[in-house]
Amino acid sequence: QEQIVESGGGLVQAGGSLRLSCAVSGRTLIRYSMAWFRQAPGKEREFVAAISGSAVNTYYANSVKDRFTISRDGSKNTIYLQMESLKPEDTAVYYCAARGEYYSGSYFSTANYAYWGQGTQITVSS
């Protein structure tokens with residue numbers, strides 16, 4: 001049974017930076033494609049960024065492009081989200097998600113991820 005553990009959330013002032021980490025434990029011989037989603041109060045969960053199992057491909061929401069960077073730790077199922085120039089509208093619970101490396105569905109939909117973390121709160125004050 002896969003488990004996803006996120007860390008790195010917190011409170012930061014606008015313009016500041018934070019780094020989130022996410023690790024998948026379970027079947028260590030399987031590589032996962034992984035992503036970050038976020039959900040603000042009263043809103044639907046939305047795509048933030050994703051990275052393929054090989055790390056060759058990365059994808060970003062327009063709202064975070066050029067401010068956030070997703071990366072992974074070599075061949076491990078550990079990813080990071082480096083967030084720069086944070087804005088109050090980035091305030092949300094951030095969720096890490098994973099799916100099998102060869103799953104071919106869209107990276108942008110929550111429906112295409114089998115495993116989810118519990119979420120970590122990020123609050124950006126103005």
# chains A, B, ... in the order shown; residues from 1 in each chain; ligands from 1
>>> residues_around(residues="stretch 117-126 of chain A", least_positions_apart="4", cutoff="12 Å", atoms="only C-alpha atoms", output="PyMOL selection string")
chain A and resi 2-25+34-41+45+83-98+113
>>> residues_around(residues="A:Tyr60", least_positions_apart="3", cutoff="6 Å", atoms="only C-alpha atoms", output="VMD selection string")
chain A and resid 48 to 49 65
>>> select_by_dssp(residues="stretch 13-91 of chain A", states="strand (DSSP E or B)", output="PyMOL selection string")
chain A and resi 13+18-25+32-39+46-51+58-60+68-72+78-83
>>> write_last_selection(atoms="N, CA, C and O atoms", output="compact mmCIF listing (two decimals), in the first residue's frame")
# COMPACT_ATOMS: atom_id res chain seq x y z
N GLN A 13 5.36 35.49 4.21
CA GLN A 13 4.89 36.78 3.71
C GLN A 13 4.92 36.80 2.18
O GLN A 13 5.70 36.07 1.55
N LEU A 18 9.07 29.17 -0.27
CA LEU A 18 8.90 27.94 0.49
C LEU A 18 9.26 26.77 -0.40
O LEU A 18 9.18 26.86 -1.64
N ARG A 19 9.62 25.66 0.23
CA ARG A 19 9.91 24.44 -0.52
C ARG A 19 9.12 23.29 0.09
O ARG A 19 9.24 23.03 1.29
N LEU A 20 8.34 22.64 -0.75
CA LEU A 20 7.59 21.46 -0.32
C LEU A 20 8.32 20.20 -0.76
O LEU A 20 8.95 20.17 -1.81
N SER A 21 8.19 19.18 0.06
CA SER A 21 8.75 17.86 -0.28
C SER A 21 7.63 16.83 -0.22
O SER A 21 6.67 16.97 0.53
N CYS A 22 7.81 15.80 -1.01
CA CYS A 22 6.82 14.71 -1.04
C CYS A 22 7.54 13.41 -1.35
O CYS A 22 8.31 13.33 -2.30
N ALA A 23 7.26 12.40 -0.56
CA ALA A 23 7.87 11.10 -0.78
C ALA A 23 6.80 10.02 -0.82
O ALA A 23 5.85 10.03 -0.02
N VAL A 24 6.95 9.09 -1.75
CA VAL A 24 6.06 7.93 -1.85
C VAL A 24 6.79 6.72 -1.32
O VAL A 24 7.91 6.43 -1.72
N SER A 25 6.16 6.03 -0.42
CA SER A 25 6.72 4.78 0.08
C SER A 25 5.78 3.65 -0.30
O SER A 25 4.58 3.86 -0.48
N TYR A 32 6.99 6.41 -10.09
CA TYR A 32 5.72 7.11 -10.24
C TYR A 32 5.90 8.46 -10.93
O TYR A 32 6.90 9.14 -10.72
N SER A 33 4.92 8.82 -11.72
CA SER A 33 4.79 10.22 -12.11
C SER A 33 4.07 10.91 -10.96
O SER A 33 3.17 10.33 -10.34
N MET A 34 4.47 12.16 -10.69
CA MET A 34 3.95 12.80 -9.49
C MET A 34 3.57 14.24 -9.76
O MET A 34 4.02 14.85 -10.74
N ALA A 35 2.73 14.76 -8.90
CA ALA A 35 2.20 16.11 -9.14
C ALA A 35 1.85 16.79 -7.83
O ALA A 35 1.72 16.14 -6.79
N TRP A 36 1.68 18.08 -7.93
CA TRP A 36 1.14 18.90 -6.85
C TRP A 36 -0.17 19.52 -7.31
O TRP A 36 -0.27 20.04 -8.42
N PHE A 37 -1.14 19.44 -6.43
CA PHE A 37 -2.41 20.13 -6.61
C PHE A 37 -2.61 21.01 -5.38
O PHE A 37 -1.94 20.83 -4.36
N ARG A 38 -3.55 21.94 -5.48
CA ARG A 38 -3.86 22.76 -4.31
C ARG A 38 -5.35 23.05 -4.26
O ARG A 38 -6.04 23.02 -5.29
N GLN A 39 -5.81 23.32 -3.05
CA GLN A 39 -7.23 23.61 -2.87
C GLN A 39 -7.38 24.73 -1.86
O GLN A 39 -7.00 24.59 -0.70
N GLU A 46 -7.10 22.22 -7.66
CA GLU A 46 -6.58 22.58 -8.97
C GLU A 46 -5.13 22.12 -9.15
O GLU A 46 -4.37 22.02 -8.19
N PHE A 47 -4.80 21.88 -10.39
CA PHE A 47 -3.46 21.44 -10.76
C PHE A 47 -2.45 22.57 -10.54
O PHE A 47 -2.74 23.73 -10.84
N VAL A 48 -1.27 22.20 -10.05
CA VAL A 48 -0.19 23.16 -9.87
C VAL A 48 1.00 22.81 -10.76
O VAL A 48 1.45 23.62 -11.56
N ALA A 49 1.51 21.60 -10.60
CA ALA A 49 2.69 21.18 -11.36
C ALA A 49 2.79 19.66 -11.34
O ALA A 49 2.28 19.02 -10.43
N ALA A 50 3.46 19.11 -12.36
CA ALA A 50 3.64 17.67 -12.43
C ALA A 50 5.00 17.37 -13.04
O ALA A 50 5.57 18.18 -13.77
N ILE A 51 5.48 16.18 -12.75
CA ILE A 51 6.75 15.73 -13.29
C ILE A 51 6.64 14.26 -13.66
O ILE A 51 6.07 13.47 -12.90
N THR A 58 8.09 18.18 -17.44
CA THR A 58 7.45 18.90 -16.34
C THR A 58 6.32 19.75 -16.90
O THR A 58 6.37 20.17 -18.07
N TYR A 59 5.34 19.98 -16.07
CA TYR A 59 4.15 20.72 -16.49
C TYR A 59 3.77 21.68 -15.37
O TYR A 59 3.90 21.34 -14.18
N TYR A 60 3.28 22.85 -15.76
CA TYR A 60 2.92 23.86 -14.77
C TYR A 60 1.59 24.52 -15.12
O TYR A 60 1.27 24.72 -16.29
N PHE A 68 7.24 28.76 -9.67
CA PHE A 68 7.37 27.47 -9.01
C PHE A 68 8.22 26.54 -9.88
O PHE A 68 8.15 26.60 -11.11
N THR A 69 8.97 25.69 -9.23
CA THR A 69 9.77 24.69 -9.93
C THR A 69 9.57 23.34 -9.29
O THR A 69 9.79 23.18 -8.08
N ILE A 70 9.18 22.36 -10.11
CA ILE A 70 9.03 21.00 -9.62
C ILE A 70 10.26 20.20 -10.02
O ILE A 70 10.79 20.38 -11.12
N SER A 71 10.73 19.36 -9.13
CA SER A 71 11.91 18.54 -9.43
C SER A 71 11.77 17.23 -8.67
O SER A 71 10.91 17.09 -7.79
N ARG A 72 12.62 16.27 -9.02
CA ARG A 72 12.60 15.00 -8.29
C ARG A 72 14.01 14.57 -7.95
O ARG A 72 14.98 14.99 -8.60
N THR A 78 10.65 10.77 -4.84
CA THR A 78 10.61 11.95 -3.98
C THR A 78 10.64 13.18 -4.88
O THR A 78 11.48 13.26 -5.77
N ILE A 79 9.71 14.08 -4.64
CA ILE A 79 9.68 15.30 -5.45
C ILE A 79 9.68 16.52 -4.54
O ILE A 79 9.40 16.43 -3.35
N TYR A 80 9.96 17.64 -5.18
CA TYR A 80 10.01 18.91 -4.47
C TYR A 80 9.25 19.96 -5.27
O TYR A 80 9.14 19.87 -6.49
N LEU A 81 8.75 20.96 -4.58
CA LEU A 81 8.15 22.10 -5.23
C LEU A 81 8.78 23.35 -4.61
O LEU A 81 8.49 23.67 -3.46
N GLN A 82 9.65 23.99 -5.37
CA GLN A 82 10.26 25.23 -4.92
C GLN A 82 9.37 26.38 -5.35
O GLN A 82 9.11 26.54 -6.55
N MET A 83 8.91 27.15 -4.39
CA MET A 83 7.96 28.22 -4.66
C MET A 83 8.60 29.56 -4.34
O MET A 83 9.04 29.78 -3.21
>>> closest_residue(among="A:Lys43, A:Arg67, A:Ser52, A:Lys76", to="A:Ser106", atoms="only C-alpha atoms")
A:Ser52
>>> atom_distance(atom1="atom CA of A:Ser75", atom2="atom CA of A:Glu101")
11.7 Å
>>> closest_residue(among="A:Arg31, A:Ser104, A:Gly42, A:Ala111", to="A:Gly74", atoms="only C-alpha atoms")
A:Arg31
>>> atom_distance(atom1="atom CA of A:Tyr102", atom2="atom CA of A:Ala61")
21.8 Å
>>> atom_distance(atom1="atom CA of A:Glu44", atom2="atom CA of A:Gly100")
23.9 Å
>>> closest_residue(among="A:Gln1, A:Gly53, A:Asn62, A:Leu29", to="A:Phe108", atoms="only C-alpha atoms")
A:Asn62
>>> decode(residues="stretch 26-69 of chain A", atoms="N, CA and C atoms", output="mmCIF file, in the first residue's frame")
data_model
loop_
_atom_site.group_PDB
_atom_site.id
_atom_site.type_symbol
_atom_site.label_atom_id
_atom_site.label_comp_id
_atom_site.auth_asym_id
_atom_site.auth_seq_id
_atom_site.Cartn_x
_atom_site.Cartn_y
_atom_site.Cartn_z
ATOM 1 N N GLY A 26 6.338 2.483 -0.442
ATOM 2 C CA GLY A 26 5.516 1.339 -0.810
ATOM 3 C C GLY A 26 6.301 0.416 -1.704
ATOM 4 N N ARG A 27 5.859 0.264 -2.931
ATOM 5 C CA ARG A 27 6.525 -0.632 -3.864
ATOM 6 C C ARG A 27 7.726 0.086 -4.478
ATOM 7 N N THR A 28 8.877 -0.151 -3.910
ATOM 8 C CA THR A 28 10.061 0.627 -4.261
ATOM 9 C C THR A 28 10.562 0.373 -5.675
ATOM 10 N N LEU A 29 10.146 -0.718 -6.313
ATOM 11 C CA LEU A 29 10.622 -1.007 -7.670
ATOM 12 C C LEU A 29 9.801 -0.302 -8.724
ATOM 13 N N ILE A 30 8.744 0.374 -8.315
ATOM 14 C CA ILE A 30 7.895 1.098 -9.248
ATOM 15 C C ILE A 30 8.239 2.577 -9.199
ATOM 16 N N ARG A 31 8.334 3.191 -10.372
ATOM 17 C CA ARG A 31 8.552 4.619 -10.429
ATOM 18 C C ARG A 31 7.219 5.291 -10.738
ATOM 19 N N TYR A 32 6.990 6.414 -10.087
ATOM 20 C CA TYR A 32 5.720 7.113 -10.237
ATOM 21 C C TYR A 32 5.899 8.457 -10.929
ATOM 22 N N SER A 33 4.925 8.821 -11.721
ATOM 23 C CA SER A 33 4.787 10.218 -12.113
ATOM 24 C C SER A 33 4.073 10.907 -10.957
ATOM 25 N N MET A 34 4.469 12.157 -10.687
ATOM 26 C CA MET A 34 3.949 12.797 -9.489
ATOM 27 C C MET A 34 3.567 14.237 -9.763
ATOM 28 N N ALA A 35 2.734 14.763 -8.898
ATOM 29 C CA ALA A 35 2.201 16.107 -9.137
ATOM 30 C C ALA A 35 1.845 16.787 -7.827
ATOM 31 N N TRP A 36 1.680 18.082 -7.930
ATOM 32 C CA TRP A 36 1.139 18.899 -6.847
ATOM 33 C C TRP A 36 -0.174 19.520 -7.306
ATOM 34 N N PHE A 37 -1.142 19.436 -6.434
ATOM 35 C CA PHE A 37 -2.407 20.126 -6.610
ATOM 36 C C PHE A 37 -2.608 21.010 -5.378
ATOM 37 N N ARG A 38 -3.546 21.940 -5.478
ATOM 38 C CA ARG A 38 -3.858 22.763 -4.307
ATOM 39 C C ARG A 38 -5.354 23.050 -4.256
ATOM 40 N N GLN A 39 -5.814 23.317 -3.054
ATOM 41 C CA GLN A 39 -7.232 23.606 -2.869
ATOM 42 C C GLN A 39 -7.385 24.726 -1.860
ATOM 43 N N ALA A 40 -7.945 25.827 -2.325
ATOM 44 C CA ALA A 40 -8.234 26.963 -1.460
ATOM 45 C C ALA A 40 -9.644 26.801 -0.889
ATOM 46 N N PRO A 41 -9.931 27.452 0.218
ATOM 47 C CA PRO A 41 -11.264 27.331 0.824
ATOM 48 C C PRO A 41 -12.372 27.701 -0.163
ATOM 49 N N GLY A 42 -13.360 26.838 -0.271
ATOM 50 C CA GLY A 42 -14.497 27.100 -1.141
ATOM 51 C C GLY A 42 -14.240 26.893 -2.616
ATOM 52 N N LYS A 43 -13.053 26.392 -2.956
ATOM 53 C CA LYS A 43 -12.723 26.180 -4.369
ATOM 54 C C LYS A 43 -12.407 24.719 -4.637
ATOM 55 N N GLU A 44 -12.440 24.367 -5.910
ATOM 56 C CA GLU A 44 -12.081 23.008 -6.294
ATOM 57 C C GLU A 44 -10.562 22.828 -6.253
ATOM 58 N N ARG A 45 -10.172 21.582 -6.121
ATOM 59 C CA ARG A 45 -8.753 21.267 -6.165
ATOM 60 C C ARG A 45 -8.230 21.530 -7.576
ATOM 61 N N GLU A 46 -7.100 22.216 -7.662
ATOM 62 C CA GLU A 46 -6.579 22.584 -8.973
ATOM 63 C C GLU A 46 -5.134 22.125 -9.152
ATOM 64 N N PHE A 47 -4.796 21.880 -10.388
ATOM 65 C CA PHE A 47 -3.462 21.444 -10.756
ATOM 66 C C PHE A 47 -2.455 22.570 -10.542
ATOM 67 N N VAL A 48 -1.273 22.201 -10.048
ATOM 68 C CA VAL A 48 -0.193 23.162 -9.868
ATOM 69 C C VAL A 48 1.001 22.812 -10.757
ATOM 70 N N ALA A 49 1.512 21.600 -10.600
ATOM 71 C CA ALA A 49 2.693 21.181 -11.362
ATOM 72 C C ALA A 49 2.790 19.664 -11.342
ATOM 73 N N ALA A 50 3.459 19.112 -12.356
ATOM 74 C CA ALA A 50 3.642 17.669 -12.430
ATOM 75 C C ALA A 50 4.998 17.366 -13.041
ATOM 76 N N ILE A 51 5.479 16.175 -12.752
ATOM 77 C CA ILE A 51 6.755 15.725 -13.290
ATOM 78 C C ILE A 51 6.644 14.257 -13.655
ATOM 79 N N SER A 52 7.141 13.895 -14.810
ATOM 80 C CA SER A 52 7.071 12.516 -15.256
ATOM 81 C C SER A 52 8.019 11.642 -14.435
ATOM 82 N N GLY A 53 7.819 10.335 -14.540
ATOM 83 C CA GLY A 53 8.651 9.413 -13.788
ATOM 84 C C GLY A 53 10.130 9.536 -14.115
ATOM 85 N N SER A 54 10.418 9.826 -15.370
ATOM 86 C CA SER A 54 11.803 9.975 -15.806
ATOM 87 C C SER A 54 12.361 11.359 -15.516
ATOM 88 N N ALA A 55 11.498 12.281 -15.093
ATOM 89 C CA ALA A 55 11.853 13.686 -14.852
ATOM 90 C C ALA A 55 12.147 14.450 -16.136
ATOM 91 N N VAL A 56 11.935 13.831 -17.261
ATOM 92 C CA VAL A 56 12.196 14.511 -18.541
ATOM 93 C C VAL A 56 11.165 15.602 -18.791
ATOM 94 N N ASN A 57 9.918 15.323 -18.389
ATOM 95 C CA ASN A 57 8.831 16.262 -18.668
ATOM 96 C C ASN A 57 8.283 16.873 -17.393
ATOM 97 N N THR A 58 8.094 18.180 -17.438
ATOM 98 C CA THR A 58 7.452 18.896 -16.343
ATOM 99 C C THR A 58 6.325 19.749 -16.903
ATOM 100 N N TYR A 59 5.337 19.981 -16.066
ATOM 101 C CA TYR A 59 4.154 20.722 -16.485
ATOM 102 C C TYR A 59 3.775 21.683 -15.366
ATOM 103 N N TYR A 60 3.282 22.855 -15.757
ATOM 104 C CA TYR A 60 2.920 23.861 -14.766
ATOM 105 C C TYR A 60 1.591 24.522 -15.120
ATOM 106 N N ALA A 61 0.848 24.908 -14.114
ATOM 107 C CA ALA A 61 -0.307 25.767 -14.310
ATOM 108 C C ALA A 61 0.207 27.155 -14.685
ATOM 109 N N ASN A 62 -0.554 27.848 -15.499
ATOM 110 C CA ASN A 62 -0.130 29.193 -15.925
ATOM 111 C C ASN A 62 0.074 30.122 -14.731
ATOM 112 N N SER A 63 -0.710 29.917 -13.696
ATOM 113 C CA SER A 63 -0.665 30.817 -12.547
ATOM 114 C C SER A 63 0.628 30.702 -11.745
ATOM 115 N N VAL A 64 1.373 29.612 -11.935
ATOM 116 C CA VAL A 64 2.600 29.426 -11.152
ATOM 117 C C VAL A 64 3.847 29.338 -12.024
ATOM 118 N N LYS A 65 3.643 29.299 -13.320
ATOM 119 C CA LYS A 65 4.792 29.194 -14.230
ATOM 120 C C LYS A 65 5.746 30.359 -13.978
ATOM 121 N N ASP A 66 7.025 30.078 -13.995
ATOM 122 C CA ASP A 66 8.096 31.060 -13.768
ATOM 123 C C ASP A 66 8.263 31.440 -12.301
ATOM 124 N N ARG A 67 7.400 30.925 -11.426
ATOM 125 C CA ARG A 67 7.568 31.166 -9.982
ATOM 126 C C ARG A 67 7.835 29.860 -9.219
ATOM 127 N N PHE A 68 7.238 28.756 -9.675
ATOM 128 C CA PHE A 68 7.373 27.469 -9.009
ATOM 129 C C PHE A 68 8.217 26.544 -9.879
ATOM 130 N N THR A 69 8.971 25.688 -9.228
ATOM 131 C CA THR A 69 9.774 24.695 -9.933
ATOM 132 C C THR A 69 9.574 23.336 -9.288
#
